[in-house]
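Everything below concerns the one structure shown next.
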Amino acid sequence: NYFGGNVFRKHPMYDKRWELANGTAAGVRGVCPVDADPYLPWIHDVFPSNDGTNIVFVISNKRRCNTDTNVFKLDLENLEPQVGNMQPIPVKRIISGNLTQQSDFLAGNTPRYSLATSIEEADEDGRATKFICRFHTVDTDLKQVVLGETLSNYPYNPEHLNYRKKGSKPMLTSLDKGHDEQIWNSVYQISCPVPQKIDANGLSLTSIIASGQSVSMQGIPSIYVDLVPIRTPVRRSREGFGIPGISSSFDPKVVWGDASIIP
């Protein structure tokens with residue numbers, strides 16, 4: 001099998017990334033789109049919190065799977081955005097009229113976002129995020145009905161953790177200087193807050209999720225969440241950005257501009 005498992009591989013995935021994403025190669029076990037689009041999170045598990053207020057994702061940094069630069073150099077270069085997914089960014093919503101009202105969500109409209117150039121400029125729930133969490137269901141015609149959007153959060157800042165390690169380096173270094181061994185915990189976690197929505201029966205979305213009513217007896221869910229990555233270049237400064245009390249050489253105005261609208 002050319003692809004085999006994701007670890008202890010003998011062949012790089014880069015030149016077969018599209019076949020792997022589309023499941024078109026013979027003998028491929030499963031489909032994984034991350035090599036074709038390395039900004040996508042490599043999700044290993046997802047579950048709701050006990051009270052239904054959050055959907056928790058367990059994610060791996062796929063760049064840590066095969067690190068021999070003699071064999072996997074193209075893979076390692078291609079998967080650099082996997083490290084960026086572990087670096088929080090500040091964002092703010094672009095308010096236009098009543099765009100964030102629930103009626104607009106039900107009509108299929110969602111807010112637009114822009115990158116903030118400082119933590120203080122960001123929305124309170126967007127000061128350290130990386131993903132847009134879009135909750136939706138489907139109607140009887142199998143059309144998507146948006147229930148709301150929230151911004152992801154980290155239980156801890158992976159970039160801050162890296163900074164505090166003794167003798168730490170930037171989270172991403174050039175391959176000429178060796179692989180980024182500083183990122184020892186390749187598995188990390190994010191949470192998506194569940195929107196504050198009440199249905200026609202007076203039940204909140206959080207209570208529906210907490211009770212398990214959103215999943216049928218056959219195990220079919222009725223509520224879905226799309227995890228949309230906010231695509232930004234990987235920061236290569238050890239001190240990251242937005243760590244309290246730490247000045248950074250990273251200049252968001254230079255890298256992002258002062259009016260960077262998220263697609």
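As shown in the structure tokens, the chain order sets the letters A, B, ...; within each chain, residues go from 1, and ligands are also counted from 1 in the order they appear.
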
Mind dumping a table of every range 49-122 of chain A residue within 12 Å of range 204-223 of chain A, with the nearest atom pair and its distance in Å to one decimal, using only C-alpha atoms, sorted by chain and rising number, as JSON lines?
{"residue": "A:Ser49", "atom": "CA", "partner": "A:Ala210", "partner_atom": "CA", "distance": 7.4}
{"residue": "A:Asn50", "atom": "CA", "partner": "A:Ala210", "partner_atom": "CA", "distance": 6.0}
{"residue": "A:Asp51", "atom": "CA", "partner": "A:Ala210", "partner_atom": "CA", "distance": 5.3}
{"residue": "A:Gly52", "atom": "CA", "partner": "A:Ala210", "partner_atom": "CA", "distance": 4.1}
{"residue": "A:Thr53", "atom": "CA", "partner": "A:Thr206", "partner_atom": "CA", "distance": 5.3}
{"residue": "A:Asn54", "atom": "CA", "partner": "A:Thr206", "partner_atom": "CA", "distance": 8.1}
{"residue": "A:Ile55", "atom": "CA", "partner": "A:Ile209", "partner_atom": "CA", "distance": 9.3}

message = I'd like the contact shell of range 225-240 of chain A - 8 Å cut-off, only C-alpha atoms, skipping same-chain residues fewer than 2 positions apart - returned as a PyMOL selection string.
response = chain A and resi 39-41+80-81+83-85+87+130-136+159-160+162-163+168-173+223+242-243+246-250+262

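For the choices A:Val91, A:Val7, A:Ile261, A:Leu20, the atom-to-atom distance to Arg63 in chain A is smallest for A:Val7 when using only C-alpha atoms.
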
inquiry  = Using DSSP secondary structure from the backbone, list all strand (DSSP E or B) positions within range 106-198 of chain A, as a ChimeraX atom specification.
reply    = /A:112-115,129,131-138,144-151,153,187-193,198

message = Just checking: using only C-alpha atoms, which residue out of A:Asn157, A:Ser114, A:Asn66, A:Asn22 ends up closest to Pro88 in chain A?
response = A:Asn157

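The nearest approach to Trp18 in chain A among the residues A:Ala200, A:Val34, A:Val58, A:Leu175, with only C-alpha atoms taken into account, belongs to A:Val34.
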